[in-house]
Amino acid sequence: MRKLNYCEMSEEQLKLKKADLEERYAAFKARGLKLNMARGKPSTKQLELSMPMLDLLNSSSQLVSSTGDDCRNYGVADGLPELRELFAQMMGLEAGNIIVGGNSSLNMMFDTISCAMTHGFSDCKPWGRQNCVKFLCPAPGYDRHFAISEYFGMELIAVPMTPEGPDMDLVEEYVKDPCVKGIWCVPKYSNPQGYTYSDETVRRFAALKPAAADFRIFWDNAYCVHDLTDCPESLLSLWEECRKNGSEDLPIFFASSSKITFPGAGVAAMGASEANLKELRRHYSFQTIGPDKLNQLRHIYFLPNMERVKEQMAHHRAIIAPKFEAVIRWLKKELGGKGIAAWTEPNGGYFVSVDVLEGCAKRVVELCKEAGVVLTGAGATYPYSKDPQDSNIRVAPTYPPIEELELAMELFCLSVELAAVEKLLQK
């Protein structure tokens with residue numbers, strides 16, 4: 001039996017539906033739920049996967065690296081070679097173009113922007129001393145990326161996302177402006193839609209001819225090994241494509257083990273051309289005399305090669321894939337065919353992107369919060385937290401236990417329906 005599209009309902013039908021939804025919603029509020037789905041955090045069960053890593057170093061351990069350096073001491077600014085090699089394989093670069101740092105790739109991105117603001121790239125005037133600095137922000141996208149650009153006072157320009165990646169026609173047009181200095185990218189299983197950039201999109205990035213010599217592509221491959229199915233999506237190597245085009249200075253790559261081991265105690269990596277690394281190494285030399293090599297050594301013992309990384313990620317998948325399946329099941333069951341919501345079904349990453357009826361996202365988030373479920377704020381996936389359609393909501397299924405997630409999704413779908421009926425009755 002075909003579900004009745006809400007947009008086709010009469011006013012009387014909508015009023016009856018609204019009364020029914022309000023009664024169900026009141027019952028949910030009475031439960032006194034306190035659930036949080038605001039961020040894409042690994043669950044407690046996922047964190048337990050890496051607990052054995054804490055036993056790999058003790059006072060009797062061999063704490064000298066393969067380079068002969070004492071890991072308790074200063075030095076080895078680029079990170080331990082085994083970990084540089086592992087990240088090179090994960091990121092599709094060479095180990096010589098990798099720097100392994102502390103636990104946060106976001107920290108490395110912030111520092112890279114800071115370096116550009118104070119000292120610049122490509123012998124250009126620092127961004128902070130130029131008349132205007134604009135940054136391209138594929139949207140919906142990662143709010144923390146946008147927040148960095150906003151923090152430094154840049155003008156943020158939204159670029160629509162497609163299933164193939166950012167709208168490259170617009171990107172190619174925008175980079176003709178010398179004030180445009182960069183673009184944020186999550187190229188595999190993008191945040192929040194779970195899209196992987198097509199081969200054509202990657203090639204067009206590599207072939208960009210920006211007017212600004214100091215334009216940079218910030219390639220945050222946060223989910224490079226975070227697959228949810230037996231058929232993982234593949235991402236063409238931007239590094240190799242840039243080498244073919246002689247544009248190696250365009251991209252700066254980032255990744256981390258945050259959702260592989262411990263988010264608060266993992267390791268992060270950055271990759272770039274030798275020219276870019278020369279600038280960045282100098283920048284880092286004033287901040288630190290070396291990273292936490294004991295933590296790096298712990299990771300080398302726990303994840304000695306890519307096979308071990310894949311084994312670790314298979315364990316993660318066993319925990320979180322059923323949660324993604326539950327989210328999609330609820331969306332299809334409760335909202336499918338009603339004309340009030342659309343969503344992505346990602347093959348990896350940490351999020352599901354839901355587009356509700358235009359003008360309803362803030363109301364849905366508000367309804368969920370009032371009934372005890374906290375979601376990512378409406379608009380967060382757009383520059384300046386302003387979704388022009390007020391329709392996109394990022395759902396983060398990974399953190400809550402499956403039983404709580406089922407409750408949260410029941411409430412979420414109910415809130416989407418109630419917000420849609422309210423909106424339609426206003427017309």
# chains A, B, ... in the order shown; residues from 1 in each chain; ligands from 1
>>> residues_around(residues="region 128-141 of chain A", least_positions_apart="5", cutoff="8 Å", atoms="only C-alpha atoms", output="count of residues only")
30
>>> select_by_dssp(residues="region 152-363 of chain A", states="alpha helix (DSSP H)", output="PyMOL selection string")
chain A and resi 168-174+199-206+238-245+274-285+293-302+306-335+361-363
>>> atom_distance(atom1="CA of Ala396 (chain A)", atom2="CA of Arg39 (chain A)")
6.1 Å
>>> residues_around(residues="Glu248 (chain A)", least_positions_apart="5", cutoff="6 Å", atoms="only C-alpha atoms", output="list in words")
Cys242, Arg243 and Ser273 of chain A
>>> residues_around(residues="region 344-355 of chain A", least_positions_apart="3", cutoff="9 Å", atoms="only C-alpha atoms", output="PyMOL selection string")
chain A and resi 40-42+140+188-195+222-229+231-233+320-321+324-325+327-328+340-341+358+361+390-398
>>> closest_residue(among="A:Leu236, A:Leu49, A:Cys124, A:Val100", to="Asn295 (chain A)", atoms="only C-alpha atoms")
A:Val100
>>> select_by_dssp(residues="region 189-348 of chain A", states="strand (DSSP E or B)", output="PyMOL selection string")
chain A and resi 216-220+227+251-256+268-271+341-343+348
>>> write_last_selection(atoms="C-alpha atoms", output="mmCIF file, in the first residue's frame")
data_model
loop_
_atom_site.group_PDB
_atom_site.id
_atom_site.type_symbol
_atom_site.label_atom_id
_atom_site.label_comp_id
_atom_site.auth_asym_id
_atom_site.auth_seq_id
_atom_site.Cartn_x
_atom_site.Cartn_y
_atom_site.Cartn_z
ATOM 1 C CA ARG A 216 45.947 25.100 -1.008
ATOM 2 C CA ILE A 217 43.631 22.082 -0.984
ATOM 3 C CA PHE A 218 43.123 20.842 2.588
ATOM 4 C CA TRP A 219 42.569 17.112 1.967
ATOM 5 C CA ASP A 220 41.301 15.691 5.260
ATOM 6 C CA ASP A 227 34.405 1.130 5.625
ATOM 7 C CA PRO A 251 47.336 19.702 -1.660
ATOM 8 C CA ILE A 252 48.105 19.231 2.009
ATOM 9 C CA PHE A 253 46.922 15.881 3.357
ATOM 10 C CA PHE A 254 45.691 14.973 6.842
ATOM 11 C CA ALA A 255 44.670 11.784 8.648
ATOM 12 C CA SER A 256 44.730 10.320 12.137
ATOM 13 C CA ALA A 268 47.847 12.318 13.579
ATOM 14 C CA ALA A 269 49.715 12.781 10.322
ATOM 15 C CA MET A 270 50.172 15.436 7.681
ATOM 16 C CA GLY A 271 51.536 14.969 4.173
ATOM 17 C CA ALA A 341 12.674 13.622 4.104
ATOM 18 C CA ALA A 342 15.570 12.265 2.061
ATOM 19 C CA TRP A 343 18.797 10.714 3.314
ATOM 20 C CA GLY A 348 31.580 4.196 5.318
#
>>> atom_distance(atom1="CA of Gln296 (chain A)", atom2="CA of Leu235 (chain A)")
26.6 Å
>>> closest_residue(among="A:Lys323, A:Lys423, A:Lys332, A:Arg144", to="Arg363 (chain A)", atoms="only C-alpha atoms")
A:Lys423
>>> decode(residues="region 216-369 of chain A", atoms="C-alpha atoms", output="PDB file, in the first residue's frame")
ATOM      1  CA  ARG A 216      45.947  25.100  -1.008  1.00  0.00           C
ATOM      2  CA  ILE A 217      43.631  22.082  -0.984  1.00  0.00           C
ATOM      3  CA  PHE A 218      43.123  20.842   2.588  1.00  0.00           C
ATOM      4  CA  TRP A 219      42.569  17.112   1.967  1.00  0.00           C
ATOM      5  CA  ASP A 220      41.301  15.691   5.260  1.00  0.00           C
ATOM      6  CA  ASN A 221      41.113  11.953   4.606  1.00  0.00           C
ATOM      7  CA  ALA A 222      39.661  11.280   8.053  1.00  0.00           C
ATOM      8  CA  TYR A 223      37.750   8.144   7.013  1.00  0.00           C
ATOM      9  CA  CYS A 224      40.264   6.562   4.629  1.00  0.00           C
ATOM     10  CA  VAL A 225      39.947   3.100   6.256  1.00  0.00           C
ATOM     11  CA  HIS A 226      36.483   3.454   7.800  1.00  0.00           C
ATOM     12  CA  ASP A 227      34.405   1.130   5.625  1.00  0.00           C
ATOM     13  CA  LEU A 228      30.975  -0.241   6.551  1.00  0.00           C
ATOM     14  CA  THR A 229      30.512  -2.860   3.812  1.00  0.00           C
ATOM     15  CA  ASP A 230      32.271  -5.696   2.017  1.00  0.00           C
ATOM     16  CA  CYS A 231      32.621  -3.422  -1.006  1.00  0.00           C
ATOM     17  CA  PRO A 232      34.633  -0.410   0.183  1.00  0.00           C
ATOM     18  CA  GLU A 233      34.696   2.621  -2.046  1.00  0.00           C
ATOM     19  CA  SER A 234      38.019   3.610  -3.588  1.00  0.00           C
ATOM     20  CA  LEU A 235      39.461   7.101  -3.771  1.00  0.00           C
ATOM     21  CA  LEU A 236      41.805   8.055  -6.574  1.00  0.00           C
ATOM     22  CA  SER A 237      45.169   9.310  -5.306  1.00  0.00           C
ATOM     23  CA  LEU A 238      45.231  13.095  -5.446  1.00  0.00           C
ATOM     24  CA  TRP A 239      48.982  12.956  -4.813  1.00  0.00           C
ATOM     25  CA  GLU A 240      49.630  10.862  -7.899  1.00  0.00           C
ATOM     26  CA  GLU A 241      47.321  12.993 -10.023  1.00  0.00           C
ATOM     27  CA  CYS A 242      49.075  16.166  -8.843  1.00  0.00           C
ATOM     28  CA  ARG A 243      52.444  14.653  -9.711  1.00  0.00           C
ATOM     29  CA  LYS A 244      51.183  14.014 -13.238  1.00  0.00           C
ATOM     30  CA  ASN A 245      50.110  17.663 -13.473  1.00  0.00           C
ATOM     31  CA  GLY A 246      53.175  19.139 -11.782  1.00  0.00           C
ATOM     32  CA  SER A 247      50.886  20.567  -9.081  1.00  0.00           C
ATOM     33  CA  GLU A 248      52.312  18.810  -6.009  1.00  0.00           C
ATOM     34  CA  ASP A 249      52.243  22.035  -4.002  1.00  0.00           C
ATOM     35  CA  LEU A 250      48.435  22.300  -4.255  1.00  0.00           C
ATOM     36  CA  PRO A 251      47.336  19.702  -1.660  1.00  0.00           C
ATOM     37  CA  ILE A 252      48.105  19.231   2.009  1.00  0.00           C
ATOM     38  CA  PHE A 253      46.922  15.881   3.357  1.00  0.00           C
ATOM     39  CA  PHE A 254      45.691  14.973   6.842  1.00  0.00           C
ATOM     40  CA  ALA A 255      44.670  11.784   8.648  1.00  0.00           C
ATOM     41  CA  SER A 256      44.730  10.320  12.137  1.00  0.00           C
ATOM     42  CA  SER A 257      44.155   7.203  14.200  1.00  0.00           C
ATOM     43  CA  SER A 258      41.487   8.984  16.247  1.00  0.00           C
ATOM     44  CA  LYS A 259      38.717   6.566  15.251  1.00  0.00           C
ATOM     45  CA  ILE A 260      41.105   3.624  14.893  1.00  0.00           C
ATOM     46  CA  THR A 261      42.582   3.582  18.410  1.00  0.00           C
ATOM     47  CA  PHE A 262      41.839   6.307  20.981  1.00  0.00           C
ATOM     48  CA  PRO A 263      40.424   9.713  19.888  1.00  0.00           C
ATOM     49  CA  GLY A 264      42.067  11.412  22.860  1.00  0.00           C
ATOM     50  CA  ALA A 265      45.362   9.540  22.623  1.00  0.00           C
ATOM     51  CA  GLY A 266      45.893   8.594  19.010  1.00  0.00           C
ATOM     52  CA  VAL A 267      48.370   9.883  16.448  1.00  0.00           C
ATOM     53  CA  ALA A 268      47.847  12.318  13.579  1.00  0.00           C
ATOM     54  CA  ALA A 269      49.715  12.781  10.322  1.00  0.00           C
ATOM     55  CA  MET A 270      50.172  15.436   7.681  1.00  0.00           C
ATOM     56  CA  GLY A 271      51.536  14.969   4.173  1.00  0.00           C
ATOM     57  CA  ALA A 272      52.670  17.494   1.585  1.00  0.00           C
ATOM     58  CA  SER A 273      55.232  18.386  -1.045  1.00  0.00           C
ATOM     59  CA  GLU A 274      58.789  19.131   0.010  1.00  0.00           C
ATOM     60  CA  ALA A 275      58.231  22.846  -0.612  1.00  0.00           C
ATOM     61  CA  ASN A 276      55.195  22.908   1.689  1.00  0.00           C
ATOM     62  CA  LEU A 277      56.917  20.772   4.313  1.00  0.00           C
ATOM     63  CA  LYS A 278      59.870  23.159   4.376  1.00  0.00           C
ATOM     64  CA  GLU A 279      57.537  25.951   5.481  1.00  0.00           C
ATOM     65  CA  LEU A 280      55.626  23.755   7.912  1.00  0.00           C
ATOM     66  CA  ARG A 281      58.700  22.161   9.493  1.00  0.00           C
ATOM     67  CA  ARG A 282      60.051  25.619  10.241  1.00  0.00           C
ATOM     68  CA  HIS A 283      56.696  26.581  11.769  1.00  0.00           C
ATOM     69  CA  TYR A 284      56.648  23.449  13.948  1.00  0.00           C
ATOM     70  CA  SER A 285      60.290  23.893  15.005  1.00  0.00           C
ATOM     71  CA  PHE A 286      59.253  26.843  17.151  1.00  0.00           C
ATOM     72  CA  GLN A 287      56.460  24.862  18.827  1.00  0.00           C
ATOM     73  CA  THR A 288      58.102  21.574  19.754  1.00  0.00           C
ATOM     74  CA  ILE A 289      61.406  19.715  19.851  1.00  0.00           C
ATOM     75  CA  GLY A 290      59.625  16.482  19.034  1.00  0.00           C
ATOM     76  CA  PRO A 291      56.307  14.629  19.313  1.00  0.00           C
ATOM     77  CA  ASP A 292      55.208  12.046  21.870  1.00  0.00           C
ATOM     78  CA  LYS A 293      57.303   9.177  20.561  1.00  0.00           C
ATOM     79  CA  LEU A 294      56.264   6.797  23.332  1.00  0.00           C
ATOM     80  CA  ASN A 295      52.692   7.004  22.100  1.00  0.00           C
ATOM     81  CA  GLN A 296      53.927   6.602  18.535  1.00  0.00           C
ATOM     82  CA  LEU A 297      55.928   3.524  19.591  1.00  0.00           C
ATOM     83  CA  ARG A 298      52.835   2.112  21.308  1.00  0.00           C
ATOM     84  CA  HIS A 299      50.901   2.501  18.043  1.00  0.00           C
ATOM     85  CA  ILE A 300      53.681   0.860  16.028  1.00  0.00           C
ATOM     86  CA  TYR A 301      53.573  -2.195  18.289  1.00  0.00           C
ATOM     87  CA  PHE A 302      49.774  -2.335  18.143  1.00  0.00           C
ATOM     88  CA  LEU A 303      49.386  -1.562  14.403  1.00  0.00           C
ATOM     89  CA  PRO A 304      52.629  -2.733  12.769  1.00  0.00           C
ATOM     90  CA  ASN A 305      51.226  -2.897   9.223  1.00  0.00           C
ATOM     91  CA  MET A 306      48.170  -2.294   7.038  1.00  0.00           C
ATOM     92  CA  GLU A 307      46.907  -5.837   7.554  1.00  0.00           C
ATOM     93  CA  ARG A 308      46.655  -5.156  11.260  1.00  0.00           C
ATOM     94  CA  VAL A 309      44.906  -1.835  10.579  1.00  0.00           C
ATOM     95  CA  LYS A 310      42.350  -3.629   8.397  1.00  0.00           C
ATOM     96  CA  GLU A 311      41.810  -6.228  11.121  1.00  0.00           C
ATOM     97  CA  GLN A 312      41.227  -3.459  13.673  1.00  0.00           C
ATOM     98  CA  MET A 313      38.767  -1.692  11.371  1.00  0.00           C
ATOM     99  CA  ALA A 314      36.860  -4.940  10.804  1.00  0.00           C
ATOM    100  CA  HIS A 315      36.261  -5.067  14.558  1.00  0.00           C
ATOM    101  CA  HIS A 316      35.031  -1.462  14.491  1.00  0.00           C
ATOM    102  CA  ARG A 317      32.735  -2.272  11.602  1.00  0.00           C
ATOM    103  CA  ALA A 318      31.193  -5.204  13.477  1.00  0.00           C
ATOM    104  CA  ILE A 319      30.173  -2.768  16.215  1.00  0.00           C
ATOM    105  CA  ILE A 320      28.940   0.210  14.193  1.00  0.00           C
ATOM    106  CA  ALA A 321      27.545  -1.266  10.956  1.00  0.00           C
ATOM    107  CA  PRO A 322      24.402  -2.560  12.754  1.00  0.00           C
ATOM    108  CA  LYS A 323      23.851   0.963  14.083  1.00  0.00           C
ATOM    109  CA  PHE A 324      23.914   2.456  10.595  1.00  0.00           C
ATOM    110  CA  GLU A 325      21.560  -0.301   9.460  1.00  0.00           C
ATOM    111  CA  ALA A 326      19.186   0.622  12.300  1.00  0.00           C
ATOM    112  CA  VAL A 327      19.205   4.302  11.294  1.00  0.00           C
ATOM    113  CA  ILE A 328      18.413   3.515   7.663  1.00  0.00           C
ATOM    114  CA  ARG A 329      15.738   1.000   8.683  1.00  0.00           C
ATOM    115  CA  TRP A 330      13.926   3.587  10.815  1.00  0.00           C
ATOM    116  CA  LEU A 331      14.167   6.262   8.130  1.00  0.00           C
ATOM    117  CA  LYS A 332      12.760   3.958   5.466  1.00  0.00           C
ATOM    118  CA  LYS A 333      10.041   2.555   7.694  1.00  0.00           C
ATOM    119  CA  GLU A 334       8.780   5.829   9.185  1.00  0.00           C
ATOM    120  CA  LEU A 335       9.621   8.474   6.576  1.00  0.00           C
ATOM    121  CA  GLY A 336       9.910   6.658   3.263  1.00  0.00           C
ATOM    122  CA  GLY A 337       7.397   7.745   0.607  1.00  0.00           C
ATOM    123  CA  LYS A 338       5.979  10.594   2.693  1.00  0.00           C
ATOM    124  CA  GLY A 339       7.702  13.389   0.765  1.00  0.00           C
ATOM    125  CA  ILE A 340       9.127  15.023   3.897  1.00  0.00           C
ATOM    126  CA  ALA A 341      12.674  13.622   4.104  1.00  0.00           C
ATOM    127  CA  ALA A 342      15.570  12.265   2.061  1.00  0.00           C
ATOM    128  CA  TRP A 343      18.797  10.714   3.314  1.00  0.00           C
ATOM    129  CA  THR A 344      22.095   9.186   2.293  1.00  0.00           C
ATOM    130  CA  GLU A 345      23.006   5.520   2.781  1.00  0.00           C
ATOM    131  CA  PRO A 346      26.800   5.680   3.207  1.00  0.00           C
ATOM    132  CA  ASN A 347      29.201   2.780   2.738  1.00  0.00           C
ATOM    133  CA  GLY A 348      31.580   4.196   5.318  1.00  0.00           C
ATOM    134  CA  GLY A 349      32.418   7.096   7.579  1.00  0.00           C
ATOM    135  CA  TYR A 350      30.599   8.196  10.714  1.00  0.00           C
ATOM    136  CA  PHE A 351      27.395   9.955   9.685  1.00  0.00           C
ATOM    137  CA  VAL A 352      24.081   9.802   7.867  1.00  0.00           C
ATOM    138  CA  SER A 353      22.899  13.040   6.275  1.00  0.00           C
ATOM    139  CA  VAL A 354      19.146  13.692   6.442  1.00  0.00           C
ATOM    140  CA  ASP A 355      17.376  16.483   4.549  1.00  0.00           C
ATOM    141  CA  VAL A 356      13.970  17.257   6.019  1.00  0.00           C
ATOM    142  CA  LEU A 357      11.241  19.508   4.636  1.00  0.00           C
ATOM    143  CA  GLU A 358      12.611  22.989   3.943  1.00  0.00           C
ATOM    144  CA  GLY A 359      12.357  25.231   6.988  1.00  0.00           C
ATOM    145  CA  CYS A 360      12.060  22.325   9.436  1.00  0.00           C
ATOM    146  CA  ALA A 361      15.578  21.286  10.536  1.00  0.00           C
ATOM    147  CA  LYS A 362      15.788  23.636  13.530  1.00  0.00           C
ATOM    148  CA  ARG A 363      12.331  22.586  14.653  1.00  0.00           C
ATOM    149  CA  VAL A 364      13.238  18.870  14.421  1.00  0.00           C
ATOM    150  CA  VAL A 365      16.372  19.390  16.510  1.00  0.00           C
ATOM    151  CA  GLU A 366      14.343  21.422  19.020  1.00  0.00           C
ATOM    152  CA  LEU A 367      11.652  18.743  19.310  1.00  0.00           C
ATOM    153  CA  CYS A 368      14.244  16.007  19.840  1.00  0.00           C
ATOM    154  CA  LYS A 369      16.029  18.032  22.515  1.00  0.00           C
TER     155      LYS A 369
END
